[in-house]
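Engineer: The structure is given below, and queries will be raised subsequently.
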Amino acid sequence: MIVKLIGLTPAPEKLIASAARICYDSKPNSPEADERLVGNLRDWGHFSTYEHASATFLLEGISRACTHQLVRHRLASYNQQSQRYVNESNFDYVIPGSVEGKEEALGLYKDFMESARDVYGKLIDAGIPKEDARFVLPNATTSKIIVTMNFRELRHFIKLRMGKDAQWEIRDLAAKMLDVIRKEAPTVFGDF
């Protein structure tokens with residue numbers, strides 16, 4: 001799984017502080033004061049100001065199953081690699097840890113993936129359009145997706161998807177996204 005930050009609101013925490021200061025017609029007096037304000041907004045739950053900043057991520061090597069969980073977060077924008085237009089004859093796939101740790105299960109899993117790859121290729125060779133051949137592709141098939149979230153939604157996503165009840169792959173994704181964004185907005189995401 002690869003998580004890359006490819007877009008970010010310039011000086012996001014300064015922008016958030018500026019948005020908050022509009023509410024009270026107050027003037028900035030120092031970067032330290034802005035940092036305190038952004039932290040207070042977080043602690044107070046005054047997240048509407050966080051909606052002015054956003055981040056765009058390129059996510060690669062995650063399963064289609066994971067992307068289906070990701071796109072349930074509707075306050076975001078997505079563009080995903082299409083299985084309708086992209087030939088998936090040599091698709092990669094995610095192997096769950098529970099499978100990887102058991103030799104017999106891993107053998108079955110890999111055999112099935114090779115079988116799916118073979119059937120997909122034969123359908124393509126038989127003239128079946130990619131948009132129809134894709135129906136045999138497993139949920140484990142990897143994909144690429146670009147996602148843009150404002151900081152309020154990104155906090156919500158991280159909180160939900162890093163929870164103990166979240167599925168392992170999206171939990172790993174949320175943790176990697178947090179590691180990346182915390183470097184850019186340490187006050188906004190410092191409480192995770």
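Chain lettering (A, B, ...) mirrors the order of the structure tokens, residue numbering begins at 1 for each chain separately, and ligand numbering begins at 1 in order of display.
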For range 126-138 of chain A, please output as a VMD selection string all residues within 8 Å (counting only C-alpha atoms; exclusion window: fewer than 6 positions along the same chain).
Structural biologist: chain A and resid 83 to 88 113 116 to 117 119 to 120
Engineer: Hey, what does DSSP flag as helix (DSSP H, G or I) within range 152-185 of chain A? Can you give it to me as a list in words?
Structural biologist: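 These are the residues in question: Arg152, Glu153, Leu154, Arg155, His156, Phe157, Ile158, Lys159, Leu160, Arg161, Trp168, Glu169, Ile170, Arg171, Asp172, Leu173, Ala174, Ala175, Lys176, Met177, Leu178, Asp179, Val180, Ile181, Arg182, Lys183 and Glu184 of chain A.
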Engineer: Nearest residue to Glu169 in chain A out of A:Thr67, A:Asn150, A:Asn90, A:Ser82, using only C-alpha atoms?
Structural biologist: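 So, comparing all the options, the nearest one is A:Thr67.
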Engineer: Report the distance between CA of Thr49 in chain A and CA of Ile16 in chain A in Å, rounded to one decimal place.
Structural biologist: 5.5 Å
Engineer: So which residues touch Lys144 in chain A within 6 Å, counting only C-alpha atoms, skipping near sequence neighbours fewer than 3 positions away, as a PyMOL selection string?
Structural biologist: chain A and resi 59-60+80-81
Engineer: Write a file of the selected residues as a PDB file, in the first residue's frame, keeping C-alpha atoms.
Structural biologist:
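Below is the file result.pdb, written as the result:
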```pdb
ATOM      1  CA  LEU A  59      -3.537   5.702  -2.893  1.00  0.00           C
ATOM      2  CA  GLU A  60      -2.035   2.702  -4.672  1.00  0.00           C
ATOM      3  CA  GLN A  80     -10.460   5.563  -9.263  1.00  0.00           C
ATOM      4  CA  GLN A  81      -8.659   3.459 -11.828  1.00  0.00           C
TER       5      GLN A  81
END
```
Engineer: Would you give me, as a Markdown table, each residue of range 14-132 of chain A having an atom within 8 Å of an atom of range 7-10 of chain A, along with its shortest atom pair and that distance in Å to one decimal, using only C-alpha atoms and sorting by chain and residue number?
Structural biologist:
```
| residue | atom | partner | partner_atom | distance |
| --- | --- | --- | --- | --- |
| A:Ala53 | CA | A:Thr9 | CA | 5.5 |
| A:Ser54 | CA | A:Thr9 | CA | 5.6 |
| A:Ala55 | CA | A:Leu8 | CA | 4.5 |
| A:Thr56 | CA | A:Gly7 | CA | 4.6 |
| A:Phe57 | CA | A:Gly7 | CA | 6.9 |
```
Engineer: Can I get the selected residues back with C-alpha atoms, as a PDB file, in the first residue's frame?
Structural biologist:
```pdb
ATOM      1  CA  ALA A  53      -8.349  23.268   4.282  1.00  0.00           C
ATOM      2  CA  SER A  54      -8.077  20.073   2.258  1.00  0.00           C
ATOM      3  CA  ALA A  55      -5.640  17.359   1.277  1.00  0.00           C
ATOM      4  CA  THR A  56      -5.452  15.173  -1.823  1.00  0.00           C
ATOM      5  CA  PHE A  57      -3.932  11.700  -1.631  1.00  0.00           C
TER       6      PHE A  57
END
```
Engineer: Which one of A:Cys66, A:Ile181, A:Val188, A:Ala76 sits closest to Trp168 in chain A if you count only C-alpha atoms?
Structural biologist: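 For Trp168 in chain A, the nearest of the given residues is A:Cys66.
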Engineer: Could you tell me which of A:Leu5, A:Leu41, A:Ile22, A:Ile145 comes closest to Thr187 in chain A if we count only C-alpha atoms?
Structural biologist: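 Under the stated criterion, the closest residue is A:Leu41.
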Engineer: What lies within 10 Å of Val180 in chain A using only C-alpha atoms, ignoring chain neighbours under 5 positions off, as an mmCIF file with N, CA and C atoms, in the first residue's frame?
Structural biologist:
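Saved to around31.cif:
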```cif
data_model
loop_
_atom_site.group_PDB
_atom_site.id
_atom_site.type_symbol
_atom_site.label_atom_id
_atom_site.label_comp_id
_atom_site.auth_asym_id
_atom_site.auth_seq_id
_atom_site.Cartn_x
_atom_site.Cartn_y
_atom_site.Cartn_z
ATOM 1 N N VAL A 3 0.748 5.462 0.053
ATOM 2 C CA VAL A 3 -0.042 6.658 0.324
ATOM 3 C C VAL A 3 0.837 7.875 0.048
ATOM 4 N N LYS A 4 0.438 8.682 -0.933
ATOM 5 C CA LYS A 4 1.200 9.889 -1.281
ATOM 6 C C LYS A 4 0.292 11.104 -1.175
ATOM 7 N N LEU A 5 0.778 12.135 -0.528
ATOM 8 C CA LEU A 5 0.079 13.418 -0.493
ATOM 9 C C LEU A 5 0.452 14.155 -1.775
ATOM 10 N N PHE A 57 -4.820 12.850 -1.727
ATOM 11 C CA PHE A 57 -3.932 11.700 -1.631
ATOM 12 C C PHE A 57 -4.052 10.827 -2.870
ATOM 13 N N ALA A 174 -5.917 4.349 6.944
ATOM 14 C CA ALA A 174 -6.164 5.552 7.757
ATOM 15 C C ALA A 174 -4.918 5.928 8.555
ATOM 16 N N ALA A 175 -4.221 4.944 9.107
ATOM 17 C CA ALA A 175 -3.010 5.220 9.884
ATOM 18 C C ALA A 175 -1.925 5.827 8.994
ATOM 19 N N ALA A 185 0.010 19.292 9.078
ATOM 20 C CA ALA A 185 -0.923 20.018 9.948
ATOM 21 C C ALA A 185 -0.881 19.380 11.342
#
```
Engineer: Enter the distance from CA of Glu153 in chain A to CA of Ser48 in chain A, in Å, rounded to one decimal.
Structural biologist: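 It comes out at 10.2 Å.
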Engineer: Find the spatial neighbours of Met162 in chain A, counting only C-alpha atoms, within a cut-off of 9 Å - ignore same-chain residues fewer than 4 positions away - and output them as a list in words.
Structural biologist: Phe157, Ile158, Ala166, Gln167, Trp168, Ile170, Arg171, Asp172, Leu173, Ala174 and Ala175 of chain A
Engineer: Can you work out the spacing between CA of Leu106 in chain A and CA of Asp118 in chain A in Å, to one decimal?
Structural biologist: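 Going from CA of Leu106 in chain A over to CA of Asp118 in chain A covers 18.2 Å.
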Engineer: As a ChimeraX atom specification, please: every residue in chain A that a backbone DSSP assignment puts in strand (DSSP E).
Structural biologist: /A:2-8,54-63,76-80,142-150
Engineer: Atoms to include: C-alpha atoms. Write the selected residues as an mmCIF file, in the first residue's frame.
Structural biologist:
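Okay, again-v5.cif is ready:
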```cif
data_model
loop_
_atom_site.group_PDB
_atom_site.id
_atom_site.type_symbol
_atom_site.label_atom_id
_atom_site.label_comp_id
_atom_site.auth_asym_id
_atom_site.auth_seq_id
_atom_site.Cartn_x
_atom_site.Cartn_y
_atom_site.Cartn_z
ATOM 1 C CA ILE A 2 1.354 3.386 -1.021
ATOM 2 C CA VAL A 3 -0.042 6.658 0.324
ATOM 3 C CA LYS A 4 1.200 9.889 -1.281
ATOM 4 C CA LEU A 5 0.079 13.418 -0.493
ATOM 5 C CA ILE A 6 -0.229 15.077 -3.911
ATOM 6 C CA GLY A 7 -2.171 18.224 -3.018
ATOM 7 C CA LEU A 8 -2.567 20.407 0.040
ATOM 8 C CA SER A 54 -8.077 20.073 2.258
ATOM 9 C CA ALA A 55 -5.640 17.359 1.277
ATOM 10 C CA THR A 56 -5.452 15.173 -1.823
ATOM 11 C CA PHE A 57 -3.932 11.700 -1.631
ATOM 12 C CA LEU A 58 -2.916 9.187 -4.272
ATOM 13 C CA LEU A 59 -3.537 5.702 -2.893
ATOM 14 C CA GLU A 60 -2.035 2.702 -4.672
ATOM 15 C CA GLY A 61 -2.030 -1.008 -4.002
ATOM 16 C CA ILE A 62 -5.220 -1.134 -1.992
ATOM 17 C CA SER A 63 -7.926 -3.676 -2.713
ATOM 18 C CA ALA A 76 -14.873 13.671 -0.324
ATOM 19 C CA SER A 77 -13.990 13.568 -4.011
ATOM 20 C CA TYR A 78 -12.704 10.435 -5.719
ATOM 21 C CA ASN A 79 -11.283 9.253 -9.024
ATOM 22 C CA GLN A 80 -10.460 5.563 -9.263
ATOM 23 C CA THR A 142 -5.538 -3.812 -6.272
ATOM 24 C CA SER A 143 -6.525 -0.392 -7.465
ATOM 25 C CA LYS A 144 -5.370 3.219 -7.571
ATOM 26 C CA ILE A 145 -7.565 6.022 -6.336
ATOM 27 C CA ILE A 146 -7.199 9.746 -5.730
ATOM 28 C CA VAL A 147 -9.129 11.147 -2.799
ATOM 29 C CA THR A 148 -9.577 14.743 -1.654
ATOM 30 C CA MET A 149 -11.014 15.474 1.781
ATOM 31 C CA ASN A 150 -11.358 18.666 3.738
#
```
Engineer: Excluding same-chain residues fewer than 6 positions from Ile95 in chain A, what lies within 10 Å of it counting only C-alpha atoms, as a ChimeraX atom specification?
Structural biologist: /A:63,101,106,109-110,140-141
Engineer: Generate the output file for the selected residues, C-alpha atoms, as a PDB file, in the first residue's frame.
Structural biologist:
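After the write, part-v7.pdb holds the following:
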```pdb
ATOM      1  CA  SER A  63      -7.926  -3.676  -2.713  1.00  0.00           C
ATOM      2  CA  GLY A 101       0.155 -16.922   7.806  1.00  0.00           C
ATOM      3  CA  LEU A 106      -2.167 -19.182   1.061  1.00  0.00           C
ATOM      4  CA  TYR A 109      -5.757 -18.195  -2.261  1.00  0.00           C
ATOM      5  CA  LYS A 110      -2.976 -17.811  -4.815  1.00  0.00           C
ATOM      6  CA  ALA A 140      -8.656  -8.427  -3.587  1.00  0.00           C
ATOM      7  CA  THR A 141      -7.656  -6.889  -6.942  1.00  0.00           C
TER       8      THR A 141
END
```
Engineer: Which of these, A:Glu114, A:Ala11, A:Arg161, A:Ala17, has the shortest distance to Asn29 in chain A once you count only C-alpha atoms?
Structural biologist: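 Ranked by minimum distance to Asn29 in chain A, first place goes to A:Ala17.
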Engineer: So, with only C-alpha atoms as the atoms that count, which of A:Lys159, A:Met177, A:Ala20, A:Pro28 lies closest to Asn40 in chain A?
Structural biologist: A:Ala20
